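Student: Please find one structure pasted underneath; my questions will follow.
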Amino acid sequence: MARKGTHPVSTMTKPAARSVREGPNEFETAQRQFDRAAEILNLDPNIRCILRTPQRILEVHFPVHMDDGSIRVFTGFRVQHNLHRGPTKGGIRYHPDVTLDEVKALAMWMTWKFAIIGLPFGGAKGGVVVEPERLSQTELEHLTRRFTTEISIIIGPERDIPAPDVNTSGQTMAWMMDTYSMHTGFSVPAVVTGKPLSIGGSEGRLEATGRGVMIVTIDALQRLGIPPTETTVAVQGFGNVGSHTARLLHQEGCRIVAVSDVHGGIYNPKGLPVPELLRYVQEHGTVLGFPQTESVTNMELLELPVTVLVPAALGNQITAENADRIRARVVSEGANGPTTPEADAIMHENGVFLIPDILANAGGVTVSYFEWVQDLQQFFWTENEIDQKLAHIMRKSFAKTYATMENRGVDMRMAAYIEAVSNVAAATDARSIYP
Ligand code: NAD
């Protein structure tokens, strides 16, 4: 490890290369979605002001020893949107495109996600502006440990509990947990979730988001009277969420006809043998080139004639530009924020049944909550117990949202927002304003 004084120290910040961000500002999208729900709920203007903005924002600039002996200064954020229903919770993202507005939006969406699922947390999110693939393991560990130290003034098992997100993993959480525990002087497993099993992680966490997407998709098909065996599915993104969703929907009898990753997509209308595809991806690192398939672009995949479309890659994929060409009967949002508000309106008009991100991909945070509870009580459940508890919570939340959709005559996204925002508003109102 490079030590101060043993190398010429460069305090210059070498900015990470940034790709051009496409699509609308996420925080504006998040606020517009909230405003619509607040309007429908006729929410008290004072409560509206409180919930529309994050409660706490921490921006940090911190030095990291690099392998070549230099020091590089990185920028990171931790945003806590709302603390009225309990401690805050949310992932940490490492990406060159991370912005404060993106982190604010993601923190706000986390608040609604916890409220719709009925878990006792407020939303938070964190991020570091970095291209992780350009850093060595040692540099990533230094960065993670120093970032954890910088934000340790606001995180903790009863305050704010980080988790993995884009480009962070169980290993990242292990470093965070260890750093926090070193400062405290004893092991604090409940400070983060998504940890390896050996240090207090939970069974079932890795596939939890995909399992949740599968459960609500099957529920939606049931409501629409479409049997899984007559269902075709296209999945954009074949990472954690996309691959587990595809595998579990395939197990339920659905025909997975198209999947994609960052390099492009593959399509076979007769269906893909998902277990073989998973093995192929492990070997080749991409879905491209899988036998007996034709190539499609990520944009073409979205427009295929399928029963179910699962966007499970990035935000801003379905926009005013392509929404009219979406032919799926059901869209299950595995990714966060894949649909813009304009596209929502177009698809609703066209009769697409959309299961919104804050409901569809909430399986991950639900098992994160189970991990936190298990760590606090030092008593661990079996995978079967986890799966059953997860299924119960997902089904209950889907049914509640579906009922609100019918009673209020709104789409599923607005129904989820109405449920979530009224829960948080009730907590805010009950606690009143201090002092
Ligand atoms: P991941 O990194 O495991 O997988 C992402 C997938 O998307 C990969 O297959 C990657 O190749 C692909 N991809 C990347 N850039 C792309 C592009 N430009 N076009 C098409 N595909 C692209 O990430 P993940 O954990 O599966 O997360 C995917 C989405 O789901 C993100 O929006 C994330 O915020 C959301 N999400 C994840 C979880 C979770 O538990 N992992 C929970 C809730 C929501």
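FYI, nothing fancy with the structure tokens labels: chains A, B, ... in order, residues from 1 per chain, ligands from 1 as they appear.
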Identify, on the basis of only C-alpha atoms, every residue whose closest approach to stretch 360-369 of chain A does not exceed 6 Å; exclude the query and any residue fewer than 3 positions from it along the same chain; express the result as a list in words.
Tutor: Thr193, Arg205, Ala208, Thr209, Gly212, Val213, Glu333, Gly334, Ile355, Pro356, Asp357 and Trp372 of chain A
Student: 6 Å from ligand 1 is the threshold here; counting only C-alpha atoms and all ligand atoms, which polymer residues fall inside it? Answer as a PyMOL selection string.
Tutor: chain A and resi 165-166+209+237-242+261-262+298+312-314+334-336+361+364
Student: Would you save the residues from that selection as a compact mmCIF listing (two decimals), in the first residue's frame, using all heavy atoms?
Tutor:
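To be explicit, this is the file written out as again27.txt:
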# COMPACT_ATOMS: atom_id res chain seq x y z
N ASP A 165 -25.57 -1.53 -4.92
CA ASP A 165 -26.34 -1.06 -6.08
C ASP A 165 -25.42 -1.24 -7.29
O ASP A 165 -24.50 -2.06 -7.25
CB ASP A 165 -26.79 0.39 -5.86
CG ASP A 165 -27.81 0.84 -6.88
OD1 ASP A 165 -28.93 0.31 -6.88
OD2 ASP A 165 -27.51 1.72 -7.72
N VAL A 166 -25.62 -0.43 -8.32
CA VAL A 166 -24.85 -0.60 -9.55
C VAL A 166 -23.34 -0.57 -9.24
O VAL A 166 -22.85 0.37 -8.60
CB VAL A 166 -25.22 0.49 -10.57
CG1 VAL A 166 -24.37 0.38 -11.83
CG2 VAL A 166 -26.70 0.40 -10.93
N THR A 209 -34.48 -9.77 -5.78
CA THR A 209 -35.16 -8.79 -6.63
C THR A 209 -35.84 -9.49 -7.80
O THR A 209 -37.01 -9.23 -8.10
CB THR A 209 -34.16 -7.72 -7.12
OG1 THR A 209 -33.49 -7.19 -5.98
CG2 THR A 209 -34.87 -6.60 -7.84
N GLY A 237 -31.35 -6.45 -20.15
CA GLY A 237 -30.41 -6.49 -19.02
C GLY A 237 -30.39 -7.90 -18.47
O GLY A 237 -31.43 -8.43 -18.06
N PHE A 238 -29.23 -8.54 -18.48
CA PHE A 238 -29.14 -9.92 -18.00
C PHE A 238 -28.14 -9.99 -16.85
O PHE A 238 -27.30 -10.85 -16.78
CB PHE A 238 -28.75 -10.84 -19.16
CG PHE A 238 -29.20 -12.27 -18.98
CD1 PHE A 238 -30.55 -12.59 -18.91
CD2 PHE A 238 -28.28 -13.31 -18.88
CE1 PHE A 238 -30.98 -13.91 -18.75
CE2 PHE A 238 -28.69 -14.63 -18.71
CZ PHE A 238 -30.03 -14.94 -18.65
N GLY A 239 -28.24 -9.01 -15.95
CA GLY A 239 -27.38 -8.99 -14.76
C GLY A 239 -28.11 -9.66 -13.62
O GLY A 239 -28.87 -10.61 -13.82
N ASN A 240 -27.92 -9.14 -12.42
CA ASN A 240 -28.54 -9.75 -11.25
C ASN A 240 -30.06 -9.83 -11.42
O ASN A 240 -30.65 -10.90 -11.35
CB ASN A 240 -28.15 -8.95 -9.99
CG ASN A 240 -28.82 -9.50 -8.74
OD1 ASN A 240 -30.04 -9.46 -8.62
ND2 ASN A 240 -28.04 -10.05 -7.83
N VAL A 241 -30.70 -8.70 -11.65
CA VAL A 241 -32.17 -8.67 -11.69
C VAL A 241 -32.70 -9.42 -12.92
O VAL A 241 -33.57 -10.30 -12.80
CB VAL A 241 -32.68 -7.20 -11.71
CG1 VAL A 241 -34.20 -7.17 -11.75
CG2 VAL A 241 -32.17 -6.44 -10.49
N GLY A 242 -32.17 -9.10 -14.11
CA GLY A 242 -32.68 -9.68 -15.34
C GLY A 242 -32.51 -11.19 -15.40
O GLY A 242 -33.43 -11.92 -15.79
N ASP A 261 -27.81 -7.66 -22.99
CA ASP A 261 -26.91 -7.04 -22.03
C ASP A 261 -26.34 -5.80 -22.69
O ASP A 261 -26.82 -5.38 -23.74
CB ASP A 261 -25.83 -8.02 -21.53
CG ASP A 261 -25.00 -8.60 -22.66
OD1 ASP A 261 -24.75 -7.87 -23.65
OD2 ASP A 261 -24.59 -9.77 -22.57
N VAL A 262 -25.30 -5.24 -22.08
CA VAL A 262 -24.77 -3.97 -22.59
C VAL A 262 -24.28 -4.09 -24.04
O VAL A 262 -24.25 -3.12 -24.78
CB VAL A 262 -23.66 -3.44 -21.65
CG1 VAL A 262 -22.44 -4.36 -21.66
CG2 VAL A 262 -23.25 -2.02 -21.98
N ASN A 298 -30.72 -3.40 -28.17
CA ASN A 298 -31.46 -3.19 -26.93
C ASN A 298 -32.76 -2.44 -27.16
O ASN A 298 -33.76 -2.68 -26.49
CB ASN A 298 -30.58 -2.43 -25.93
CG ASN A 298 -29.87 -3.39 -24.99
OD1 ASN A 298 -30.50 -4.03 -24.18
ND2 ASN A 298 -28.56 -3.51 -25.15
N ALA A 312 -34.67 -4.36 -17.24
CA ALA A 312 -33.90 -4.67 -16.02
C ALA A 312 -32.45 -4.22 -16.19
O ALA A 312 -31.52 -4.89 -15.76
CB ALA A 312 -33.97 -6.16 -15.71
N ALA A 313 -32.27 -3.06 -16.86
CA ALA A 313 -30.90 -2.57 -17.06
C ALA A 313 -30.77 -1.16 -16.47
O ALA A 313 -30.28 -0.99 -15.36
CB ALA A 313 -30.53 -2.59 -18.53
N LEU A 314 -31.25 -0.18 -17.23
CA LEU A 314 -30.98 1.22 -16.88
C LEU A 314 -32.26 2.03 -16.81
O LEU A 314 -33.33 1.57 -17.22
CB LEU A 314 -30.11 1.84 -17.98
CG LEU A 314 -28.77 1.19 -18.29
CD1 LEU A 314 -28.18 1.81 -19.53
CD2 LEU A 314 -27.84 1.36 -17.09
N GLY A 334 -38.10 -4.04 -13.64
CA GLY A 334 -37.04 -4.55 -12.78
C GLY A 334 -36.04 -3.45 -12.45
O GLY A 334 -35.56 -3.34 -11.32
N ALA A 335 -35.73 -2.61 -13.43
CA ALA A 335 -34.80 -1.48 -13.20
C ALA A 335 -35.51 -0.36 -12.46
O ALA A 335 -36.74 -0.33 -12.36
CB ALA A 335 -34.29 -0.97 -14.55
N ASN A 336 -34.72 0.56 -11.94
CA ASN A 336 -35.27 1.77 -11.32
C ASN A 336 -35.42 2.86 -12.38
O ASN A 336 -34.46 3.15 -13.10
CB ASN A 336 -34.33 2.29 -10.22
CG ASN A 336 -34.44 1.44 -8.96
OD1 ASN A 336 -35.52 1.11 -8.51
ND2 ASN A 336 -33.29 1.09 -8.39
N ASN A 361 -39.63 -4.11 -8.23
CA ASN A 361 -38.28 -4.53 -7.85
C ASN A 361 -38.03 -4.43 -6.35
O ASN A 361 -36.89 -4.44 -5.90
CB ASN A 361 -37.22 -3.80 -8.69
CG ASN A 361 -37.11 -2.33 -8.38
OD1 ASN A 361 -37.29 -1.90 -7.24
ND2 ASN A 361 -36.79 -1.53 -9.39
N GLY A 364 -35.77 -7.01 -3.49
CA GLY A 364 -34.40 -6.84 -2.99
C GLY A 364 -34.38 -6.15 -1.64
O GLY A 364 -33.75 -6.61 -0.68
Student: So which residues touch stretch 172-179 of chain A within 7 Å, counting only C-alpha atoms, skipping near sequence neighbours fewer than 6 positions away, as a list in words?
Tutor: Glu141, Thr144, Arg145, Thr148, Ala163, Pro164, Val188, Pro189, Val191, Val192, Gly194 and Lys195 of chain A
Student: Kindly save the residues from that selection, with N, CA and C atoms included, as a PDB file, in the first residue's frame.
Tutor:
ATOM      1  N   GLU A 141     -10.807  -1.063  -2.639  1.00  0.00           N
ATOM      2  CA  GLU A 141     -10.936  -1.261  -1.188  1.00  0.00           C
ATOM      3  C   GLU A 141     -10.608   0.046  -0.449  1.00  0.00           C
ATOM      4  N   THR A 144     -13.487   2.444  -0.919  1.00  0.00           N
ATOM      5  CA  THR A 144     -14.679   2.056  -0.154  1.00  0.00           C
ATOM      6  C   THR A 144     -14.493   2.356   1.331  1.00  0.00           C
ATOM      7  N   ARG A 145     -13.308   2.019   1.847  1.00  0.00           N
ATOM      8  CA  ARG A 145     -13.067   2.224   3.281  1.00  0.00           C
ATOM      9  C   ARG A 145     -13.055   3.724   3.630  1.00  0.00           C
ATOM     10  N   THR A 148     -16.644   5.082   3.336  1.00  0.00           N
ATOM     11  CA  THR A 148     -17.405   4.651   4.516  1.00  0.00           C
ATOM     12  C   THR A 148     -17.081   5.532   5.717  1.00  0.00           C
ATOM     13  N   ALA A 163     -26.525  -0.529   1.184  1.00  0.00           N
ATOM     14  CA  ALA A 163     -26.641  -1.847   0.533  1.00  0.00           C
ATOM     15  C   ALA A 163     -25.966  -1.733  -0.831  1.00  0.00           C
ATOM     16  N   PRO A 164     -25.786  -2.852  -1.545  1.00  0.00           N
ATOM     17  CA  PRO A 164     -25.176  -2.747  -2.877  1.00  0.00           C
ATOM     18  C   PRO A 164     -26.129  -2.143  -3.900  1.00  0.00           C
ATOM     19  N   VAL A 188     -20.347  -4.927  13.756  1.00  0.00           N
ATOM     20  CA  VAL A 188     -21.692  -4.361  13.617  1.00  0.00           C
ATOM     21  C   VAL A 188     -22.268  -4.833  12.271  1.00  0.00           C
ATOM     22  N   PRO A 189     -22.701  -6.093  12.194  1.00  0.00           N
ATOM     23  CA  PRO A 189     -23.164  -6.610  10.890  1.00  0.00           C
ATOM     24  C   PRO A 189     -24.357  -5.835  10.343  1.00  0.00           C
ATOM     25  N   VAL A 191     -25.006  -2.848  10.017  1.00  0.00           N
ATOM     26  CA  VAL A 191     -24.786  -1.500   9.457  1.00  0.00           C
ATOM     27  C   VAL A 191     -24.984  -1.482   7.932  1.00  0.00           C
ATOM     28  N   VAL A 192     -24.831  -2.642   7.288  1.00  0.00           N
ATOM     29  CA  VAL A 192     -25.088  -2.744   5.840  1.00  0.00           C
ATOM     30  C   VAL A 192     -25.814  -4.060   5.565  1.00  0.00           C
ATOM     31  N   GLY A 194     -26.800  -7.002   2.220  1.00  0.00           N
ATOM     32  CA  GLY A 194     -26.208  -7.484   0.967  1.00  0.00           C
ATOM     33  C   GLY A 194     -24.813  -8.014   1.198  1.00  0.00           C
ATOM     34  N   LYS A 195     -24.509  -8.375   2.460  1.00  0.00           N
ATOM     35  CA  LYS A 195     -23.184  -8.890   2.825  1.00  0.00           C
ATOM     36  C   LYS A 195     -23.061 -10.364   2.443  1.00  0.00           C
TER      37      LYS A 195
END
Student: For stretch 379-382 of chain A, list every protein, DNA or RNA residue within 12 Å, evaluated using only C-alpha atoms, and leave out those in the same chain fewer than 2 positions away; present the list as JSON, numbers by chain.
Tutor: {"A": [197, 198, 199, 200, 201, 202, 203, 204, 205, 367, 370, 371, 372, 373, 374, 375, 376, 377, 384, 385, 386, 387, 388, 389]}
Student: To test your reading of the structure, identify every residue in stretch 168-313 of chain A that backbone DSSP assigns to strand (DSSP E or B), and report it as a list of chain:residue names.
Tutor: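 Here is the list: A:Thr232, A:Val233, A:Ala234, A:Val235, A:Gln236, A:Arg255, A:Ile256, A:Val257, A:Ala258, A:Val259, A:Ser260, A:Asp261, A:Gly264, A:Gly265, A:Ile266, A:Tyr267, A:Glu294, A:Ser295, A:Val296, A:Val308, A:Leu309, A:Val310, A:Pro311.
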Student: So which residues touch A:Leu309 within 12 Å, counting only C-alpha atoms, skipping near sequence neighbours fewer than 2 positions away, as a short mmCIF file (atom, residue, chain, number, x, y, z; two decimals) with N, CA and C atoms, in the first residue's frame?
Tutor:
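Here's the written file part.cif:
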data_model
loop_
_atom_site.label_atom_id
_atom_site.label_comp_id
_atom_site.auth_asym_id
_atom_site.auth_seq_id
_atom_site.Cartn_x
_atom_site.Cartn_y
_atom_site.Cartn_z
N VAL A 213 -39.80 -9.72 -8.82
CA VAL A 213 -40.32 -9.35 -10.15
C VAL A 213 -41.16 -10.52 -10.69
N MET A 214 -40.66 -11.73 -10.50
CA MET A 214 -41.40 -12.92 -10.99
C MET A 214 -42.77 -12.99 -10.29
N THR A 217 -45.22 -10.35 -11.49
CA THR A 217 -45.56 -10.57 -12.90
C THR A 217 -46.58 -11.70 -13.02
N THR A 231 -47.40 -17.32 -22.13
CA THR A 231 -46.75 -16.02 -21.95
C THR A 231 -45.35 -16.02 -22.57
N THR A 232 -45.08 -15.01 -23.40
CA THR A 232 -43.72 -14.82 -23.90
C THR A 232 -43.12 -13.60 -23.18
N VAL A 233 -41.79 -13.64 -22.99
CA VAL A 233 -41.14 -12.62 -22.16
C VAL A 233 -39.86 -12.12 -22.84
N ALA A 234 -39.66 -10.79 -22.83
CA ALA A 234 -38.38 -10.20 -23.24
C ALA A 234 -37.77 -9.48 -22.04
N VAL A 235 -36.48 -9.70 -21.80
CA VAL A 235 -35.82 -9.11 -20.64
C VAL A 235 -34.64 -8.25 -21.10
N GLN A 236 -34.69 -6.96 -20.82
CA GLN A 236 -33.55 -6.08 -21.15
C GLN A 236 -32.61 -6.02 -19.96
N GLY A 237 -31.35 -6.45 -20.15
CA GLY A 237 -30.41 -6.49 -19.02
C GLY A 237 -30.39 -7.90 -18.47
N GLY A 242 -32.17 -9.10 -14.11
CA GLY A 242 -32.68 -9.68 -15.34
C GLY A 242 -32.51 -11.19 -15.40
N THR A 245 -34.80 -12.98 -12.87
CA THR A 245 -36.20 -12.87 -13.31
C THR A 245 -36.47 -13.86 -14.44
N ALA A 246 -35.56 -13.89 -15.43
CA ALA A 246 -35.73 -14.79 -16.57
C ALA A 246 -35.76 -16.25 -16.11
N LEU A 249 -39.09 -16.93 -14.11
CA LEU A 249 -40.29 -16.92 -14.97
C LEU A 249 -40.28 -18.16 -15.86
N ARG A 255 -42.32 -18.52 -21.62
CA ARG A 255 -41.34 -18.70 -22.69
C ARG A 255 -40.52 -17.41 -22.78
N ILE A 256 -39.21 -17.50 -22.42
CA ILE A 256 -38.33 -16.33 -22.50
C ILE A 256 -37.81 -16.28 -23.94
N VAL A 257 -38.21 -15.25 -24.71
CA VAL A 257 -37.85 -15.24 -26.13
C VAL A 257 -36.70 -14.29 -26.46
N ALA A 258 -36.43 -13.33 -25.59
CA ALA A 258 -35.33 -12.39 -25.87
C ALA A 258 -34.71 -11.89 -24.58
N VAL A 259 -33.39 -11.75 -24.58
CA VAL A 259 -32.66 -11.14 -23.46
C VAL A 259 -31.53 -10.31 -24.05
N SER A 260 -31.01 -9.38 -23.23
CA SER A 260 -29.92 -8.53 -23.75
C SER A 260 -28.97 -8.17 -22.62
N GLU A 300 -34.53 -2.47 -30.07
CA GLU A 300 -35.45 -3.37 -30.78
C GLU A 300 -36.11 -4.36 -29.81
N LEU A 301 -35.34 -4.82 -28.84
CA LEU A 301 -35.87 -5.78 -27.87
C LEU A 301 -37.12 -5.22 -27.17
N LEU A 302 -37.06 -3.92 -26.86
CA LEU A 302 -38.19 -3.30 -26.14
C LEU A 302 -39.48 -3.37 -26.94
N GLU A 303 -39.34 -3.41 -28.28
CA GLU A 303 -40.52 -3.30 -29.15
C GLU A 303 -41.00 -4.65 -29.69
N LEU A 304 -40.45 -5.74 -29.18
CA LEU A 304 -40.83 -7.07 -29.68
C LEU A 304 -42.28 -7.40 -29.31
N PRO A 305 -42.94 -8.23 -30.13
CA PRO A 305 -44.33 -8.62 -29.81
C PRO A 305 -44.35 -9.71 -28.74
N VAL A 306 -44.28 -9.31 -27.48
CA VAL A 306 -44.25 -10.28 -26.36
C VAL A 306 -45.40 -9.99 -25.39
N THR A 307 -45.66 -10.93 -24.52
CA THR A 307 -46.69 -10.70 -23.49
C THR A 307 -46.13 -9.80 -22.38
N PRO A 311 -37.87 -4.43 -18.36
CA PRO A 311 -36.66 -3.62 -18.43
C PRO A 311 -35.88 -3.82 -17.14
N ALA A 312 -34.67 -4.36 -17.24
CA ALA A 312 -33.90 -4.67 -16.02
C ALA A 312 -32.45 -4.22 -16.19
N GLN A 317 -35.38 4.18 -20.43
CA GLN A 317 -35.36 3.32 -21.63
C GLN A 317 -36.64 3.45 -22.44
N ILE A 318 -37.78 3.62 -21.76
CA ILE A 318 -39.06 3.77 -22.47
C ILE A 318 -39.47 5.23 -22.32
N ILE A 326 -44.32 0.05 -27.98
CA ILE A 326 -44.22 -1.08 -27.03
C ILE A 326 -45.44 -1.97 -27.24
N ARG A 327 -45.19 -3.25 -27.55
CA ARG A 327 -46.31 -4.14 -27.87
C ARG A 327 -46.63 -5.12 -26.74
N ALA A 328 -45.85 -5.05 -25.66
CA ALA A 328 -46.09 -5.97 -24.54
C ALA A 328 -47.44 -5.66 -23.88
N ARG A 329 -48.08 -6.69 -23.33
CA ARG A 329 -49.33 -6.49 -22.58
C ARG A 329 -49.01 -6.04 -21.15
N VAL A 330 -47.86 -6.56 -20.63
CA VAL A 330 -47.43 -6.23 -19.26
C VAL A 330 -45.99 -5.73 -19.30
N VAL A 331 -45.71 -4.62 -18.61
CA VAL A 331 -44.33 -4.16 -18.43
C VAL A 331 -44.01 -4.25 -16.93
N SER A 332 -43.01 -5.07 -16.58
CA SER A 332 -42.61 -5.22 -15.16
C SER A 332 -41.26 -4.52 -15.00
N GLU A 333 -41.25 -3.43 -14.25
CA GLU A 333 -40.03 -2.63 -14.15
C GLU A 333 -39.04 -3.21 -13.14
N GLY A 334 -38.10 -4.04 -13.64
CA GLY A 334 -37.04 -4.55 -12.78
C GLY A 334 -36.04 -3.45 -12.45
N ALA A 335 -35.73 -2.61 -13.43
CA ALA A 335 -34.80 -1.48 -13.20
C ALA A 335 -35.51 -0.36 -12.46
N PRO A 338 -37.07 3.10 -15.40
CA PRO A 338 -36.87 2.84 -16.84
C PRO A 338 -37.86 3.59 -17.74
N VAL A 352 -51.42 -0.84 -21.84
CA VAL A 352 -50.32 -1.64 -21.28
C VAL A 352 -50.48 -1.67 -19.76
N PHE A 353 -50.38 -2.86 -19.17
CA PHE A 353 -50.46 -2.99 -17.71
C PHE A 353 -49.03 -2.90 -17.17
N LEU A 354 -48.72 -1.77 -16.47
CA LEU A 354 -47.35 -1.55 -16.01
C LEU A 354 -47.25 -1.78 -14.51
N ILE A 355 -46.29 -2.61 -14.12
CA ILE A 355 -46.03 -2.80 -12.68
C ILE A 355 -44.83 -1.91 -12.35
#
Student: Residues near A:Phe77, anyone? I mean within 10 Å using only C-alpha atoms, not counting same-chain ones fewer than 6 positions away, as an MDAnalysis selection string.
Tutor: chainID A and resid 57:61 92:93 98:100 103:104 125:129 147 150:151
Student: I need the residue nearest A:Gly210 from this list: A:Met405, A:Leu248, A:Leu277, A:Cys254. Use only C-alpha atoms for the distance.
Tutor: A:Leu248
Student: List every residue of stretch 38-97 of chain A that DSSP, applied to the backbone of this structure, places in helix (DSSP H, G or I), and write the result as number ranges by chain.
Tutor: A: 38-41, 45-52
Student: Go ahead and dump the residues you just picked, all heavy atoms, as a short mmCIF file (atom, residue, chain, number, x, y, z; two decimals), in the first residue's frame.
Tutor:
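Just written: part.cif:
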data_model
loop_
_atom_site.label_atom_id
_atom_site.label_comp_id
_atom_site.auth_asym_id
_atom_site.auth_seq_id
_atom_site.Cartn_x
_atom_site.Cartn_y
_atom_site.Cartn_z
N ALA A 38 -49.61 13.68 -5.04
CA ALA A 38 -50.03 14.68 -4.04
C ALA A 38 -51.30 15.38 -4.48
O ALA A 38 -52.21 15.65 -3.67
CB ALA A 38 -48.90 15.69 -3.82
N GLU A 39 -51.39 15.64 -5.78
CA GLU A 39 -52.57 16.30 -6.35
C GLU A 39 -53.80 15.42 -6.16
O GLU A 39 -54.84 15.87 -5.67
CB GLU A 39 -52.27 16.49 -7.86
CG GLU A 39 -52.79 17.72 -8.54
CD GLU A 39 -52.67 19.00 -7.76
OE1 GLU A 39 -51.57 19.41 -7.34
OE2 GLU A 39 -53.73 19.58 -7.55
N ILE A 40 -53.66 14.14 -6.55
CA ILE A 40 -54.79 13.20 -6.45
C ILE A 40 -55.22 13.02 -4.99
O ILE A 40 -56.40 12.95 -4.67
CB ILE A 40 -54.42 11.83 -7.07
CG1 ILE A 40 -54.23 11.98 -8.59
CG2 ILE A 40 -55.48 10.77 -6.78
CD1 ILE A 40 -53.64 10.76 -9.28
N LEU A 41 -54.22 13.01 -4.09
CA LEU A 41 -54.52 12.82 -2.66
C LEU A 41 -54.99 14.10 -1.99
O LEU A 41 -55.39 14.09 -0.83
CB LEU A 41 -53.26 12.34 -1.93
CG LEU A 41 -52.88 10.88 -2.08
CD1 LEU A 41 -51.47 10.64 -1.56
CD2 LEU A 41 -53.87 9.98 -1.33
N PRO A 45 -50.58 21.21 1.69
CA PRO A 45 -49.42 21.85 1.04
C PRO A 45 -48.17 21.83 1.92
O PRO A 45 -47.05 21.74 1.40
CB PRO A 45 -49.88 23.29 0.81
CG PRO A 45 -51.36 23.26 0.91
CD PRO A 45 -51.75 22.08 1.74
N ASN A 46 -48.32 21.88 3.25
CA ASN A 46 -47.14 21.87 4.12
C ASN A 46 -46.44 20.50 4.06
O ASN A 46 -45.22 20.42 3.96
CB ASN A 46 -47.53 22.17 5.57
CG ASN A 46 -48.06 23.58 5.69
OD1 ASN A 46 -47.56 24.49 5.02
ND2 ASN A 46 -49.08 23.78 6.51
N ILE A 47 -47.25 19.47 4.11
CA ILE A 47 -46.67 18.11 4.04
C ILE A 47 -46.05 17.90 2.66
O ILE A 47 -45.00 17.28 2.52
CB ILE A 47 -47.76 17.06 4.36
CG1 ILE A 47 -48.20 17.26 5.80
CG2 ILE A 47 -47.25 15.65 4.08
CD1 ILE A 47 -48.69 16.09 6.55
N ARG A 48 -46.70 18.46 1.65
CA ARG A 48 -46.17 18.34 0.29
C ARG A 48 -44.76 18.94 0.20
O ARG A 48 -43.86 18.35 -0.36
CB ARG A 48 -47.11 19.11 -0.65
CG ARG A 48 -47.10 18.59 -2.03
CD ARG A 48 -48.00 19.38 -2.93
NE ARG A 48 -49.41 19.09 -2.75
CZ ARG A 48 -50.31 19.29 -3.72
NH1 ARG A 48 -49.94 19.78 -4.88
NH2 ARG A 48 -51.58 19.04 -3.50
N CYS A 49 -44.59 20.14 0.80
CA CYS A 49 -43.26 20.79 0.79
C CYS A 49 -42.22 19.91 1.47
O CYS A 49 -41.09 19.80 1.01
CB CYS A 49 -43.29 22.10 1.56
SG CYS A 49 -44.08 23.39 0.70
N ILE A 50 -42.63 19.31 2.59
CA ILE A 50 -41.66 18.50 3.36
C ILE A 50 -41.23 17.27 2.55
O ILE A 50 -40.04 16.95 2.46
CB ILE A 50 -42.28 18.05 4.71
CG1 ILE A 50 -42.58 19.27 5.59
CG2 ILE A 50 -41.36 17.08 5.45
CD1 ILE A 50 -43.44 18.97 6.81
N LEU A 51 -42.20 16.58 1.95
CA LEU A 51 -41.89 15.30 1.29
C LEU A 51 -41.23 15.47 -0.08
O LEU A 51 -40.66 14.53 -0.62
CB LEU A 51 -43.16 14.46 1.14
CG LEU A 51 -43.87 14.08 2.44
CD1 LEU A 51 -45.00 13.11 2.17
CD2 LEU A 51 -42.90 13.47 3.45
N ARG A 52 -41.32 16.68 -0.63
CA ARG A 52 -40.83 16.92 -1.99
C ARG A 52 -39.31 17.04 -2.07
O ARG A 52 -38.71 16.95 -3.13
CB ARG A 52 -41.46 18.24 -2.46
CG ARG A 52 -41.78 18.29 -3.89
CD ARG A 52 -42.58 19.49 -4.26
NE ARG A 52 -42.68 19.46 -5.71
CZ ARG A 52 -41.81 20.02 -6.52
NH1 ARG A 52 -40.81 20.71 -6.02
NH2 ARG A 52 -41.94 19.91 -7.82
#
Student: Rounded to one decimal place, report the atom CA of A:Ala399-atom CA of A:Ser243 distance in Å.
Tutor: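 Going from atom CA of A:Ala399 over to atom CA of A:Ser243 covers 25.3 Å.
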Student: So which residues touch A:Thr88 within 8 Å, counting only C-alpha atoms, skipping near sequence neighbours fewer than 2 positions away, as a VMD selection string?
Tutor: chain A and resid 80 to 83 86 90 121 to 124 159 to 161
Student: To one decimal place in Å, what is the distance between atom CA of A:Ala105 and atom CA of A:Asn25?
Tutor: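 Spanning atom CA of A:Ala105 to atom CA of A:Asn25 is a straight-line distance of 8.9 Å.
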Student: Mind giving me the straight-line distance from atom CA of A:Val281 to atom CA of A:Arg211 in Å, one decimal?
Tutor: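 Between atom CA of A:Val281 and atom CA of A:Arg211 the gap works out to 19.7 Å.
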